[in-house]
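A.B. asks: Got a structure for you, start27.txt, holding compact mmCIF, C-alpha atoms and all ligand atoms.
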```txt
# COMPACT_ATOMS: atom_id res chain seq x y z
CA MET A 1 41.98 -83.37 22.73
CA THR A 2 44.10 -82.79 19.61
CA SER A 3 45.50 -79.29 19.33
CA PRO A 4 43.79 -77.54 16.42
CA SER A 5 46.14 -74.80 15.25
CA ARG A 6 47.76 -75.28 11.84
CA GLN A 7 47.83 -71.70 10.59
CA ASP A 8 50.64 -71.46 8.06
CA VAL A 9 49.64 -72.31 4.53
CA SER A 10 52.88 -71.36 2.82
CA SER A 11 54.91 -74.53 3.24
CA GLU A 12 54.17 -78.19 3.61
CA GLN A 13 55.18 -78.64 7.22
CA PRO A 14 55.22 -75.26 8.90
CA GLU A 15 57.18 -74.82 12.08
CA ASN A 16 54.06 -74.25 14.11
CA ASP A 17 52.58 -77.50 12.84
CA PRO A 18 52.05 -79.67 15.94
CA SER A 19 52.46 -82.79 13.81
CA SER A 20 56.13 -81.90 13.17
CA LYS A 21 56.73 -81.00 16.83
CA ALA A 22 55.19 -84.23 17.98
CA GLY A 23 57.41 -86.06 15.48
CA ARG A 24 54.41 -87.60 13.78
CA LYS A 25 53.74 -87.70 10.08
CA PRO A 26 51.33 -85.07 8.74
CA ARG A 27 47.80 -86.38 8.32
CA VAL A 28 46.59 -86.32 4.73
CA PHE A 29 43.01 -86.61 3.52
CA SER A 30 41.82 -86.52 -0.08
CA GLY A 31 39.14 -88.01 -2.24
CA VAL A 32 37.65 -88.50 -5.69
CA GLN A 33 33.98 -88.74 -6.63
CA PRO A 34 32.78 -91.92 -8.37
CA THR A 35 30.99 -89.88 -11.05
CA GLY A 36 32.63 -91.46 -14.10
CA ASP A 37 35.90 -92.85 -15.34
CA LEU A 38 38.97 -91.26 -13.78
CA HIS A 39 41.06 -89.41 -16.33
CA ILE A 40 44.68 -88.47 -16.73
CA GLY A 41 43.98 -85.04 -15.15
CA THR A 42 42.83 -86.71 -11.91
CA TYR A 43 45.91 -88.90 -12.03
CA VAL A 44 48.34 -86.03 -12.52
CA GLY A 45 46.55 -83.53 -10.26
CA ALA A 46 45.73 -85.87 -7.39
CA LEU A 47 46.62 -89.57 -7.46
CA LYS A 48 50.20 -89.21 -8.63
CA GLN A 49 51.06 -86.87 -5.76
CA TRP A 50 49.29 -89.13 -3.26
CA VAL A 51 51.35 -92.12 -4.39
CA GLU A 52 54.68 -90.32 -4.58
CA ARG A 53 54.49 -88.93 -1.04
CA GLN A 54 52.60 -91.73 0.67
CA LYS A 55 55.52 -92.88 2.82
CA GLU A 56 56.13 -89.47 4.38
CA ARG A 57 52.52 -89.02 5.41
CA ASP A 58 49.72 -90.62 7.36
CA ASN A 59 47.15 -90.97 4.60
CA ILE A 60 43.42 -91.36 4.35
CA PHE A 61 42.02 -91.61 0.82
CA CYS A 62 38.28 -91.68 0.41
CA VAL A 63 35.90 -92.49 -2.42
CA VAL A 64 33.36 -89.73 -1.92
CA ASP A 65 30.15 -91.36 -3.10
CA LEU A 66 27.88 -89.02 -1.08
CA HIS A 67 29.28 -86.19 -3.20
CA ALA A 68 28.42 -88.14 -6.35
CA LEU A 69 24.71 -87.89 -5.41
CA THR A 70 24.85 -84.16 -6.19
CA VAL A 71 24.69 -84.99 -9.90
CA PRO A 72 21.10 -86.34 -9.94
CA GLU A 73 21.06 -87.11 -13.67
CA GLY A 74 24.01 -89.40 -13.05
CA ILE A 75 22.52 -91.53 -10.30
CA ASP A 76 21.97 -95.14 -11.14
CA PRO A 77 22.15 -97.23 -7.94
CA VAL A 78 23.91 -100.23 -9.45
CA GLN A 79 26.29 -98.05 -11.39
CA LEU A 80 27.12 -95.87 -8.37
CA ARG A 81 27.98 -98.87 -6.20
CA ASN A 82 30.18 -100.34 -8.94
CA ALA A 83 31.81 -97.01 -9.66
CA ALA A 84 32.73 -96.53 -5.99
CA ARG A 85 34.51 -99.92 -5.89
CA GLN A 86 36.11 -99.24 -9.26
CA VAL A 87 37.60 -95.95 -7.99
CA ALA A 88 38.93 -97.63 -4.84
CA ALA A 89 40.52 -100.31 -7.05
CA LEU A 90 42.10 -97.58 -9.15
CA TYR A 91 43.66 -95.99 -6.06
CA PHE A 92 45.40 -99.31 -5.35
CA ALA A 93 46.21 -99.87 -9.03
CA CYS A 94 47.92 -96.47 -9.20
CA GLY A 95 50.18 -97.50 -6.34
CA ILE A 96 48.44 -96.67 -3.06
CA ASP A 97 49.64 -99.33 -0.63
CA PRO A 98 46.61 -100.96 1.05
CA ASP A 99 48.68 -101.94 4.11
CA GLU A 100 50.08 -98.47 4.76
CA ASN A 101 47.11 -96.20 3.98
CA ILE A 102 43.44 -96.04 4.83
CA VAL A 103 41.20 -96.26 1.77
CA PHE A 104 37.47 -96.36 2.31
CA ILE A 105 34.08 -95.44 0.85
CA GLN A 106 32.56 -92.29 2.38
CA SER A 107 28.97 -93.57 2.73
CA GLN A 108 30.14 -96.44 4.95
CA LEU A 109 30.62 -93.88 7.77
CA HIS A 110 27.54 -91.95 8.97
CA GLU A 111 29.88 -89.47 10.71
CA HIS A 112 30.42 -87.54 7.45
CA ALA A 113 26.73 -86.71 7.01
CA GLU A 114 26.28 -85.98 10.71
CA LEU A 115 29.14 -83.50 10.93
CA THR A 116 27.92 -81.90 7.71
CA TRP A 117 24.62 -81.02 9.39
CA ILE A 118 26.35 -79.36 12.33
CA LEU A 119 28.68 -77.41 10.03
CA ASN A 120 25.72 -76.40 7.82
CA CYS A 121 24.24 -74.62 10.78
CA ILE A 122 27.28 -72.33 11.17
CA THR A 123 28.09 -71.80 7.47
CA PRO A 124 26.73 -68.57 5.96
CA LEU A 125 24.78 -69.17 2.75
CA GLY A 126 26.78 -66.47 0.96
CA TRP A 127 30.01 -68.45 1.40
CA LEU A 128 28.50 -71.36 -0.57
CA GLN A 129 26.90 -69.21 -3.25
CA ARG A 130 30.32 -67.76 -4.04
CA MET A 131 31.97 -71.13 -4.83
CA THR A 132 33.10 -71.22 -8.45
CA GLN A 133 32.47 -74.97 -8.79
CA PHE A 134 28.87 -74.46 -7.65
CA LYS A 135 28.37 -71.59 -10.08
CA SER A 136 29.73 -73.50 -13.07
CA LYS A 137 27.93 -76.77 -12.22
CA ALA A 138 24.67 -74.92 -11.52
CA GLN A 139 24.93 -73.26 -14.92
CA ARG A 140 25.25 -76.62 -16.67
CA ALA A 141 22.63 -78.51 -14.58
CA GLU A 142 19.02 -78.85 -15.66
CA SER A 143 17.88 -78.60 -12.06
CA ILE A 144 19.91 -77.66 -9.01
CA GLY A 145 19.58 -79.78 -5.87
CA THR A 146 20.35 -78.35 -2.43
CA GLY A 147 23.17 -80.90 -2.24
CA LEU A 148 25.06 -79.16 -5.02
CA LEU A 149 25.18 -75.95 -3.00
CA ASP A 150 26.00 -77.84 0.19
CA TYR A 151 28.70 -79.95 -1.48
CA PRO A 152 31.65 -77.97 -0.01
CA VAL A 153 30.30 -78.36 3.54
CA LEU A 154 30.28 -82.13 3.10
CA GLN A 155 33.83 -81.81 1.80
CA ALA A 156 34.75 -79.74 4.88
CA ALA A 157 33.28 -82.47 7.10
CA ASP A 158 35.38 -85.11 5.28
CA ILE A 159 38.54 -83.15 5.93
CA LEU A 160 37.82 -81.96 9.47
CA LEU A 161 36.74 -85.36 10.79
CA TYR A 162 40.29 -86.64 10.50
CA ASP A 163 42.26 -83.71 12.02
CA THR A 164 43.76 -83.30 8.57
CA ASP A 165 46.96 -81.28 8.07
CA ILE A 166 47.26 -81.55 4.29
CA VAL A 167 44.76 -81.89 1.45
CA PRO A 168 46.51 -82.80 -1.83
CA VAL A 169 44.22 -81.90 -4.74
CA GLY A 170 44.18 -80.26 -8.16
CA GLU A 171 43.90 -76.48 -8.50
CA ASP A 172 40.10 -76.51 -8.91
CA GLN A 173 39.70 -77.72 -5.32
CA ARG A 174 41.79 -74.98 -3.69
CA GLN A 175 38.74 -72.82 -3.00
CA HIS A 176 36.92 -75.66 -1.24
CA VAL A 177 39.86 -76.33 1.07
CA GLU A 178 40.14 -72.62 1.87
CA LEU A 179 36.43 -72.61 2.69
CA THR A 180 37.03 -75.61 4.97
CA ARG A 181 39.55 -73.54 6.91
CA ASP A 182 37.07 -70.67 7.19
CA ILE A 183 34.38 -73.01 8.49
CA ALA A 184 36.80 -74.52 11.01
CA VAL A 185 37.90 -71.09 12.24
CA ARG A 186 34.29 -70.03 12.63
CA PHE A 187 33.44 -73.19 14.55
CA ASN A 188 36.47 -72.82 16.85
CA ASN A 189 35.56 -69.19 17.55
CA LEU A 190 31.90 -69.90 18.19
CA PHE A 191 32.46 -72.93 20.42
CA GLU A 192 35.88 -74.21 21.41
CA GLU A 193 39.13 -75.03 19.63
CA VAL A 194 38.17 -78.47 18.41
CA LEU A 195 38.89 -78.44 14.69
CA VAL A 196 42.32 -78.63 13.01
CA LEU A 197 42.92 -76.16 10.16
CA PRO A 198 44.02 -78.01 7.01
CA LYS A 199 46.11 -76.62 4.20
CA VAL A 200 45.85 -77.31 0.51
CA VAL A 201 48.75 -78.73 -1.49
CA VAL A 202 48.59 -78.67 -5.29
CA PRO A 203 51.30 -80.07 -7.56
CA GLU A 204 53.76 -77.53 -8.99
CA VAL A 205 53.19 -78.87 -12.49
CA GLY A 206 49.95 -80.39 -13.75
CA ALA A 207 47.55 -78.93 -11.17
CA ARG A 208 45.15 -78.06 -13.99
CA ILE A 209 45.22 -80.31 -17.04
CA MET A 210 42.99 -78.99 -19.81
CA GLY A 211 40.62 -80.80 -22.16
CA PHE A 212 42.32 -82.14 -25.32
CA ASP A 213 39.40 -81.00 -27.45
CA GLU A 214 39.02 -77.62 -25.74
CA PRO A 215 42.21 -76.51 -23.99
CA GLU A 216 40.49 -73.48 -22.48
CA VAL A 217 38.51 -75.70 -20.04
CA LYS A 218 39.69 -78.04 -17.29
CA MET A 219 39.66 -81.71 -18.23
CA SER A 220 36.65 -83.04 -16.37
CA LYS A 221 34.85 -86.36 -15.92
CA SER A 222 31.45 -84.82 -16.45
CA ILE A 223 32.48 -83.35 -19.81
CA ALA A 224 34.31 -86.57 -20.79
CA VAL A 225 31.10 -88.63 -20.56
CA GLU A 226 29.50 -86.35 -23.13
CA ARG A 227 32.43 -85.75 -25.48
CA ARG A 228 34.90 -88.21 -26.91
CA GLY A 229 38.31 -86.71 -27.37
CA HIS A 230 38.01 -84.54 -24.25
CA ALA A 231 40.00 -86.75 -21.88
CA ILE A 232 42.13 -89.86 -21.65
CA ASN A 233 40.54 -92.16 -19.11
CA LEU A 234 42.85 -94.32 -17.04
CA LEU A 235 41.17 -97.48 -18.37
CA ASP A 236 41.02 -96.46 -22.05
CA ASP A 237 42.44 -98.88 -24.62
CA GLU A 238 45.45 -98.06 -26.76
CA ARG A 239 43.40 -97.17 -29.84
CA THR A 240 41.23 -94.69 -27.99
CA ILE A 241 44.22 -93.07 -26.32
CA LYS A 242 45.99 -92.74 -29.66
CA LYS A 243 42.95 -91.17 -31.28
CA THR A 244 42.49 -88.71 -28.42
CA ILE A 245 46.10 -87.54 -28.42
CA MET A 246 46.45 -87.38 -32.20
CA SER A 247 43.30 -85.30 -32.53
CA ALA A 248 44.14 -82.97 -29.63
CA VAL A 249 43.66 -79.30 -30.51
CA THR A 250 46.93 -77.49 -31.29
CA ASP A 251 47.41 -74.52 -33.67
CA SER A 252 48.96 -73.70 -37.02
CA GLU A 253 52.35 -72.61 -35.60
CA ARG A 254 55.34 -74.76 -34.69
CA GLU A 255 55.98 -73.27 -31.26
CA LEU A 256 57.26 -75.98 -28.93
CA ARG A 257 58.26 -73.70 -26.07
CA PHE A 258 56.40 -73.61 -22.78
CA ASP A 259 56.22 -69.81 -22.56
CA ARG A 260 55.12 -69.22 -26.15
CA ALA A 261 52.90 -72.21 -26.86
CA SER A 262 49.14 -71.91 -27.37
CA PRO A 263 46.93 -73.47 -24.62
CA GLY A 264 46.53 -76.81 -26.45
CA VAL A 265 50.24 -77.27 -27.11
CA ARG A 266 51.18 -76.12 -23.60
CA ASN A 267 48.79 -78.72 -22.22
CA LEU A 268 50.54 -81.49 -24.20
CA LEU A 269 53.96 -80.22 -23.11
CA THR A 270 52.84 -80.08 -19.47
CA LEU A 271 51.53 -83.62 -19.53
CA TYR A 272 54.77 -84.76 -21.13
CA GLN A 273 56.73 -82.91 -18.44
CA VAL A 274 54.82 -84.49 -15.55
CA LEU A 275 54.80 -88.01 -16.96
CA THR A 276 58.48 -88.08 -17.95
CA GLY A 277 59.71 -86.08 -14.95
CA ASN A 278 62.03 -84.19 -17.34
CA GLY A 279 62.74 -80.46 -16.98
CA ARG A 280 61.33 -77.81 -19.33
CA ALA A 281 64.69 -76.96 -20.92
CA GLU A 282 65.39 -80.60 -21.63
CA ILE A 283 61.98 -81.03 -23.24
CA GLU A 284 62.34 -77.90 -25.36
CA ALA A 285 65.75 -79.17 -26.53
CA GLU A 286 64.28 -82.60 -27.31
CA PHE A 287 61.62 -81.12 -29.60
CA GLU A 288 63.58 -78.26 -31.09
CA GLY A 289 62.83 -77.88 -34.79
CA GLN A 290 60.18 -80.65 -34.70
CA GLY A 291 56.46 -80.47 -35.47
CA TYR A 292 53.53 -81.19 -33.16
CA GLY A 293 53.18 -84.72 -34.58
CA VAL A 294 56.49 -85.68 -32.96
CA LEU A 295 55.40 -84.31 -29.58
CA LYS A 296 52.10 -86.17 -29.83
CA LYS A 297 53.83 -89.48 -30.63
CA ALA A 298 56.24 -89.04 -27.74
CA LEU A 299 53.36 -88.19 -25.40
CA LEU A 300 51.42 -91.21 -26.61
CA ALA A 301 54.36 -93.49 -25.77
CA VAL A 302 54.77 -92.13 -22.26
CA VAL A 303 51.00 -92.22 -21.55
CA LEU A 304 50.83 -95.87 -22.65
CA ASP A 305 53.86 -96.72 -20.49
CA THR A 306 52.23 -95.05 -17.51
CA LEU A 307 48.81 -96.61 -17.95
CA ALA A 308 49.73 -100.20 -18.91
CA PRO A 309 50.81 -101.33 -15.40
CA ILE A 310 47.90 -99.43 -13.80
CA GLN A 311 45.40 -101.21 -16.06
CA ALA A 312 47.00 -104.60 -15.42
CA ARG A 313 46.85 -104.14 -11.62
CA HIS A 314 43.30 -102.82 -11.85
CA ARG A 315 42.20 -105.99 -13.69
CA GLU A 316 43.81 -108.18 -11.03
CA ILE A 317 42.10 -106.29 -8.21
CA MET A 318 38.68 -106.36 -9.89
CA ASP A 319 39.11 -110.11 -10.45
CA ASP A 320 38.98 -110.56 -6.67
CA PRO A 321 35.91 -108.58 -5.60
CA ASP A 322 35.70 -110.24 -2.18
CA GLY A 323 39.30 -109.31 -1.43
CA LEU A 324 38.60 -105.69 -2.36
CA ASP A 325 35.44 -105.55 -0.25
CA THR A 326 37.25 -107.02 2.76
CA ILE A 327 39.97 -104.37 2.54
CA LEU A 328 37.43 -101.57 2.19
CA ARG A 329 35.38 -102.80 5.15
CA LYS A 330 38.43 -103.10 7.40
CA ASN A 331 39.63 -99.68 6.32
CA ALA A 332 36.26 -98.13 7.04
CA ASP A 333 36.50 -99.52 10.58
CA ARG A 334 39.94 -97.93 10.99
CA ALA A 335 38.70 -94.59 9.65
CA ARG A 336 35.69 -94.71 11.99
CA GLU A 337 37.91 -94.66 15.09
CA THR A 338 39.18 -91.17 14.27
CA ALA A 339 35.95 -89.87 12.77
CA ALA A 340 33.85 -90.93 15.75
CA ASN A 341 36.30 -89.30 18.13
CA THR A 342 36.19 -85.95 16.32
CA LEU A 343 32.43 -86.02 16.00
CA GLU A 344 32.14 -86.68 19.73
CA ARG A 345 34.32 -83.63 20.47
CA VAL A 346 32.24 -81.50 18.11
CA LYS A 347 28.96 -82.65 19.64
CA ASN A 348 30.25 -81.98 23.15
CA ALA A 349 31.37 -78.52 22.10
CA VAL A 350 27.97 -77.55 20.69
CA GLY A 351 25.95 -79.18 23.48
CA LEU A 352 24.62 -82.28 21.70
CA GLY A 353 24.45 -85.79 23.05
P1 LIG A 401 33.60 -83.93 -12.15
O1 LIG A 401 33.59 -83.48 -13.57
O2 LIG A 401 32.68 -85.09 -11.86
O3 LIG A 401 33.49 -82.79 -11.16
P2 LIG A 401 36.46 -84.03 -12.14
O4 LIG A 401 36.92 -84.52 -13.46
O5 LIG A 401 36.53 -82.54 -11.90
O6 LIG A 401 35.01 -84.58 -11.88
P3 LIG A 401 37.05 -84.89 -9.49
O7 LIG A 401 36.58 -86.22 -9.05
O8 LIG A 401 36.18 -83.73 -9.12
O9 LIG A 401 37.27 -84.82 -11.07
O10 LIG A 401 38.52 -84.61 -8.99
C1 LIG A 401 39.33 -85.56 -8.34
C2 LIG A 401 40.68 -84.95 -8.05
O11 LIG A 401 41.38 -84.74 -9.28
C3 LIG A 401 40.64 -83.56 -7.38
O12 LIG A 401 41.74 -83.44 -6.51
C4 LIG A 401 40.78 -82.61 -8.54
O13 LIG A 401 41.31 -81.36 -8.15
C5 LIG A 401 41.73 -83.37 -9.44
N1 LIG A 401 41.50 -83.02 -10.84
C6 LIG A 401 40.36 -83.20 -11.52
N2 LIG A 401 40.49 -82.77 -12.78
C7 LIG A 401 41.76 -82.29 -12.89
C8 LIG A 401 42.50 -81.71 -13.95
N3 LIG A 401 41.95 -81.52 -15.13
N4 LIG A 401 43.78 -81.36 -13.73
C9 LIG A 401 44.35 -81.56 -12.52
N5 LIG A 401 43.70 -82.10 -11.47
C10 LIG A 401 42.42 -82.47 -11.64
N1 LIG A 402 35.38 -82.11 -4.22
C1 LIG A 402 36.48 -83.00 -4.48
C2 LIG A 402 36.28 -84.37 -3.94
C3 LIG A 402 36.34 -84.37 -2.45
C4 LIG A 402 37.50 -84.14 -1.67
C5 LIG A 402 37.09 -84.25 -0.32
C6 LIG A 402 38.83 -83.83 -2.00
C7 LIG A 402 35.31 -84.61 -1.59
N2 LIG A 402 35.77 -84.55 -0.32
C8 LIG A 402 37.99 -84.02 0.71
C9 LIG A 402 39.71 -83.60 -0.94
C10 LIG A 402 39.29 -83.71 0.39
C11 LIG A 402 36.68 -83.07 -5.98
O1 LIG A 402 37.67 -83.50 -6.37
N3 LIG A 402 35.75 -82.71 -6.77
```
Represent the structure of the file as structure tokens.
Ligand code: ATP
Ligand code: LTN
C.D. replies:
Amino acid sequence: MTSPSRQDVSSEQPENDPSSKAGRKPRVFSGVQPTGDLHIGTYVGALKQWVERQKERDNIFCVVDLHALTVPEGIDPVQLRNAARQVAALYFACGIDPDENIVFIQSQLHEHAELTWILNCITPLGWLQRMTQFKSKAQRAESIGTGLLDYPVLQAADILLYDTDIVPVGEDQRQHVELTRDIAVRFNNLFEEVLVLPKVVVPEVGARIMGFDEPEVKMSKSIAVERRGHAINLLDDERTIKKTIMSAVTDSERELRFDRASPGVRNLLTLYQVLTGNGRAEIEAEFEGQGYGVLKKALLAVVLDTLAPIQARHREIMDDPDGLDTILRKNADRARETAANTLERVKNAVGLG
């Protein structure tokens, strides 16, 4: 049985992390919902960090289509199936190496739903009602399905099935990963030490990119489908990207300093910082004495440079649908080996099967 204790959440590979003692790479699990076009916030908050650190880690990246069902207004069967493949293709287009990492579609493995049920039975309702994502989505939804409340337990099952050490996500997902740890601790206390405690890793810069049209709210797929100008989607054309950046909300000042800028300007500066990899001082020097128009043009250039190769690779991948499906099927088989093993341990521990 795999040893479950990964207690330290302060550094990436704590000394008491058995993966470092055993000389193996830390196991990473993360995922994105196929609920709409992926935007530059998802890229900066999640995909970019997955790609940059893929060689140092043992990675599993999932397209979490079961989670997408929690938005009932958004469910169109044909669209959902296409969106799931489209997201997987975007993972590869952004640079995830299909030979080195496992990329698969969540619903291809029944283990996720099965572990969710077992975890549901030990998760106090109050823990779920406190989740900020639930509260904000419930406020916006016309009707609230049970799945929306249960969403973080499914996410916990995703993570725990793979003995995950690290979950690289944007800031908004921190609370869900912390809840996953709480659920795992509760399970281990109630039964036996079966589940590994994961830790969340968010990028130092760009963990929360804000909407261009409303820099007080997180850039989000669900808002982007309703409002043009909210987000830059990874597959947007040049004209749309230009329009979105040029009409981004700023202010009437000329403050191009990170610590003094208004939320809209700080958001543009942050995106520029992440996409260029330049330091804050260097960026402030570059724009000293300039207006916001200059920053916007510079950001436009670097966004286009970032997205052009991603879009080209995405087109190539989508031109070979059979190739993509074959990779996803093989990867699901590889993921199943670990998932089935963990589920078996869990079922044994609780007295099932
Ligand atoms: P939805 O509106 O459907 O909930 P979303 O736009 O919030 O979608 P997700 O699919 O929930 O995007 O998120 C995928 C990953 O991208 C997660 O790791 C999430 O933390 C990260 N992410 C999403 N939006 C941002 C953002 N604005 N800034 C940084 N990271 C983000
Ligand atoms: N809730 C996440 C998506 C998600 C996820 C996961 C992320 C589902 N399962 C497991 C990390 C690990 C979101 O981005 N909205």
A.B. asks: Would you mind reading off the distance between CA of Gly170 (chain A) and CA of Gln139 (chain A), one decimal, in Å?
C.D. replies: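 CA of Gln139 (chain A) lies at a distance of 21.6 Å from CA of Gly170 (chain A).
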A.B. asks: A:Phe191, A:Tyr151, A:Phe212, A:Tyr292: which is nearest Val71 (chain A), counting only C-alpha atoms?
C.D. replies: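 Going through A:Phe191, A:Tyr151, A:Phe212, A:Tyr292 one by one, the smallest distance to Val71 (chain A) is for A:Tyr151.
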A.B. asks: Contacts between ligand LIG 401 (chain A) and chain A, please, where a residue of chain A counts if it comes within 8 Å (with only C-alpha atoms and all ligand atoms); show its shortest atom pair and distance in Å to one decimal, rows by chain and ascending number, as JSON lines.
C.D. replies:
```
{"residue": "A:Ser30", "atom": "CA", "partner": "A:LIG401", "partner_atom": "O12", "distance": 7.1}
{"residue": "A:Gly31", "atom": "CA", "partner": "A:LIG401", "partner_atom": "C1", "distance": 6.6}
{"residue": "A:Val32", "atom": "CA", "partner": "A:LIG401", "partner_atom": "O7", "distance": 4.2}
{"residue": "A:Gln33", "atom": "CA", "partner": "A:LIG401", "partner_atom": "O7", "distance": 4.4}
{"residue": "A:Pro34", "atom": "CA", "partner": "A:LIG401", "partner_atom": "O7", "distance": 6.9}
{"residue": "A:Thr35", "atom": "CA", "partner": "A:LIG401", "partner_atom": "O2", "distance": 5.1}
{"residue": "A:Gly36", "atom": "CA", "partner": "A:LIG401", "partner_atom": "O2", "distance": 6.8}
{"residue": "A:Leu38", "atom": "CA", "partner": "A:LIG401", "partner_atom": "O4", "distance": 7.1}
{"residue": "A:His39", "atom": "CA", "partner": "A:LIG401", "partner_atom": "O4", "distance": 7.0}
{"residue": "A:Ile40", "atom": "CA", "partner": "A:LIG401", "partner_atom": "C8", "distance": 7.6}
{"residue": "A:Gly41", "atom": "CA", "partner": "A:LIG401", "partner_atom": "C8", "distance": 3.8}
{"residue": "A:Thr42", "atom": "CA", "partner": "A:LIG401", "partner_atom": "O11", "distance": 3.6}
{"residue": "A:Tyr43", "atom": "CA", "partner": "A:LIG401", "partner_atom": "O11", "distance": 6.7}
{"residue": "A:Val44", "atom": "CA", "partner": "A:LIG401", "partner_atom": "C9", "distance": 6.0}
{"residue": "A:Gly45", "atom": "CA", "partner": "A:LIG401", "partner_atom": "N5", "distance": 3.4}
{"residue": "A:Ala46", "atom": "CA", "partner": "A:LIG401", "partner_atom": "O12", "distance": 4.8}
{"residue": "A:Leu47", "atom": "CA", "partner": "A:LIG401", "partner_atom": "O11", "distance": 7.4}
{"residue": "A:Ala68", "atom": "CA", "partner": "A:LIG401", "partner_atom": "O2", "distance": 7.6}
{"residue": "A:Pro168", "atom": "CA", "partner": "A:LIG401", "partner_atom": "O12", "distance": 6.7}
{"residue": "A:Val169", "atom": "CA", "partner": "A:LIG401", "partner_atom": "O12", "distance": 3.4}
{"residue": "A:Gly170", "atom": "CA", "partner": "A:LIG401", "partner_atom": "O13", "distance": 3.1}
{"residue": "A:Glu171", "atom": "CA", "partner": "A:LIG401", "partner_atom": "O13", "distance": 5.5}
{"residue": "A:Asp172", "atom": "CA", "partner": "A:LIG401", "partner_atom": "O13", "distance": 5.1}
{"residue": "A:Gln173", "atom": "CA", "partner": "A:LIG401", "partner_atom": "O13", "distance": 4.9}
{"residue": "A:Arg174", "atom": "CA", "partner": "A:LIG401", "partner_atom": "O13", "distance": 7.8}
{"residue": "A:Gly206", "atom": "CA", "partner": "A:LIG401", "partner_atom": "C9", "distance": 5.9}
{"residue": "A:Ala207", "atom": "CA", "partner": "A:LIG401", "partner_atom": "C9", "distance": 4.4}
{"residue": "A:Arg208", "atom": "CA", "partner": "A:LIG401", "partner_atom": "N4", "distance": 3.6}
{"residue": "A:Ile209", "atom": "CA", "partner": "A:LIG401", "partner_atom": "N4", "distance": 3.8}
{"residue": "A:Met210", "atom": "CA", "partner": "A:LIG401", "partner_atom": "N3", "distance": 5.4}
{"residue": "A:Gly211", "atom": "CA", "partner": "A:LIG401", "partner_atom": "N3", "distance": 7.2}
{"residue": "A:Lys218", "atom": "CA", "partner": "A:LIG401", "partner_atom": "N3", "distance": 4.7}
{"residue": "A:Met219", "atom": "CA", "partner": "A:LIG401", "partner_atom": "N3", "distance": 3.9}
{"residue": "A:Ser220", "atom": "CA", "partner": "A:LIG401", "partner_atom": "O4", "distance": 3.3}
{"residue": "A:Lys221", "atom": "CA", "partner": "A:LIG401", "partner_atom": "O4", "distance": 3.7}
{"residue": "A:Ser222", "atom": "CA", "partner": "A:LIG401", "partner_atom": "O1", "distance": 3.8}
{"residue": "A:Ile223", "atom": "CA", "partner": "A:LIG401", "partner_atom": "O1", "distance": 6.3}
{"residue": "A:Ala224", "atom": "CA", "partner": "A:LIG401", "partner_atom": "O1", "distance": 7.9}
```
A.B. asks: Using all atoms listed in the file for the distances, tell me which of A:Leu66, A:Phe104, A:Glu344, A:Asn82 is nearest to Thr326 (chain A).
C.D. replies: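 Of A:Leu66, A:Phe104, A:Glu344, A:Asn82, the one nearest Thr326 (chain A) is A:Phe104, counting all atoms listed in the file.
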A.B. asks: Would you compute an axis-aligned box for region 234-239 of chain A, covering every atom listed for it in the file with 5 Å of margin on each side, and report centre and edge lengths in Å to one decimal as lines of an AutoDock Vina configuration file?
C.D. replies:
```
center_x = 43.2
center_y = -96.6
center_z = -23.4
size_x = 14.4
size_y = 14.6
size_z = 22.8
```
A.B. asks: Between A:Leu197, A:Leu275, A:Leu304, A:Ala184, which is the closest to Ile241 (chain A) once you count all atoms listed in the file?
C.D. replies: A:Leu304
A.B. asks: May I ask for the distance between CA of Gln273 (chain A) and CA of Pro203 (chain A), given in Å to one decimal place?
C.D. replies: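 Atom-to-atom, CA of Gln273 (chain A) to CA of Pro203 (chain A), that is 12.5 Å.
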A.B. asks: Mind listing as JSON, numbers by chain all residues within 8 Å of (51.4, -85.1, -26.6), counting all atoms listed in the file?
C.D. replies: {"A": [245, 246, 265, 268, 269, 271, 272, 292, 295, 296, 297, 298, 299, 300]}
A.B. asks: Can you work out the spacing between CA of His112 (chain A) and CA of Leu161 (chain A) in Å, to one decimal?
C.D. replies: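 Straight-line distance from CA of His112 (chain A) to CA of Leu161 (chain A) works out to 7.5 Å.
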A.B. asks: Which of these residues is nearest to ligand LIG 402 (chain A), using only C-alpha atoms and all ligand atoms: A:Gln79, A:Asn101, A:Gln175, A:Thr146?
C.D. replies: A:Gln175
A.B. asks: Can you tell me which residues surround Leu179 (chain A) at a distance of at most 9 Å, considering all atoms listed in the file, apart from same-chain residues fewer than 3 positions away, and format the answer as a PyMOL selection string?
C.D. replies: chain A and resi 127-128+131+152-153+156+174-176+182-184
A.B. asks: Grab the residues selected above and save them as a PDB file, in the coordinates of the input with C-alpha atoms.
C.D. replies:
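Output (part21.pdb):
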```pdb
ATOM      1  CA  TRP A 127      30.010 -68.450   1.400  1.00  0.00           C
ATOM      2  CA  LEU A 128      28.500 -71.360  -0.570  1.00  0.00           C
ATOM      3  CA  MET A 131      31.970 -71.130  -4.830  1.00  0.00           C
ATOM      4  CA  PRO A 152      31.650 -77.970  -0.010  1.00  0.00           C
ATOM      5  CA  VAL A 153      30.300 -78.360   3.540  1.00  0.00           C
ATOM      6  CA  ALA A 156      34.750 -79.740   4.880  1.00  0.00           C
ATOM      7  CA  ARG A 174      41.790 -74.980  -3.690  1.00  0.00           C
ATOM      8  CA  GLN A 175      38.740 -72.820  -3.000  1.00  0.00           C
ATOM      9  CA  HIS A 176      36.920 -75.660  -1.240  1.00  0.00           C
ATOM     10  CA  ASP A 182      37.070 -70.670   7.190  1.00  0.00           C
ATOM     11  CA  ILE A 183      34.380 -73.010   8.490  1.00  0.00           C
ATOM     12  CA  ALA A 184      36.800 -74.520  11.010  1.00  0.00           C
TER      13      ALA A 184
END
```
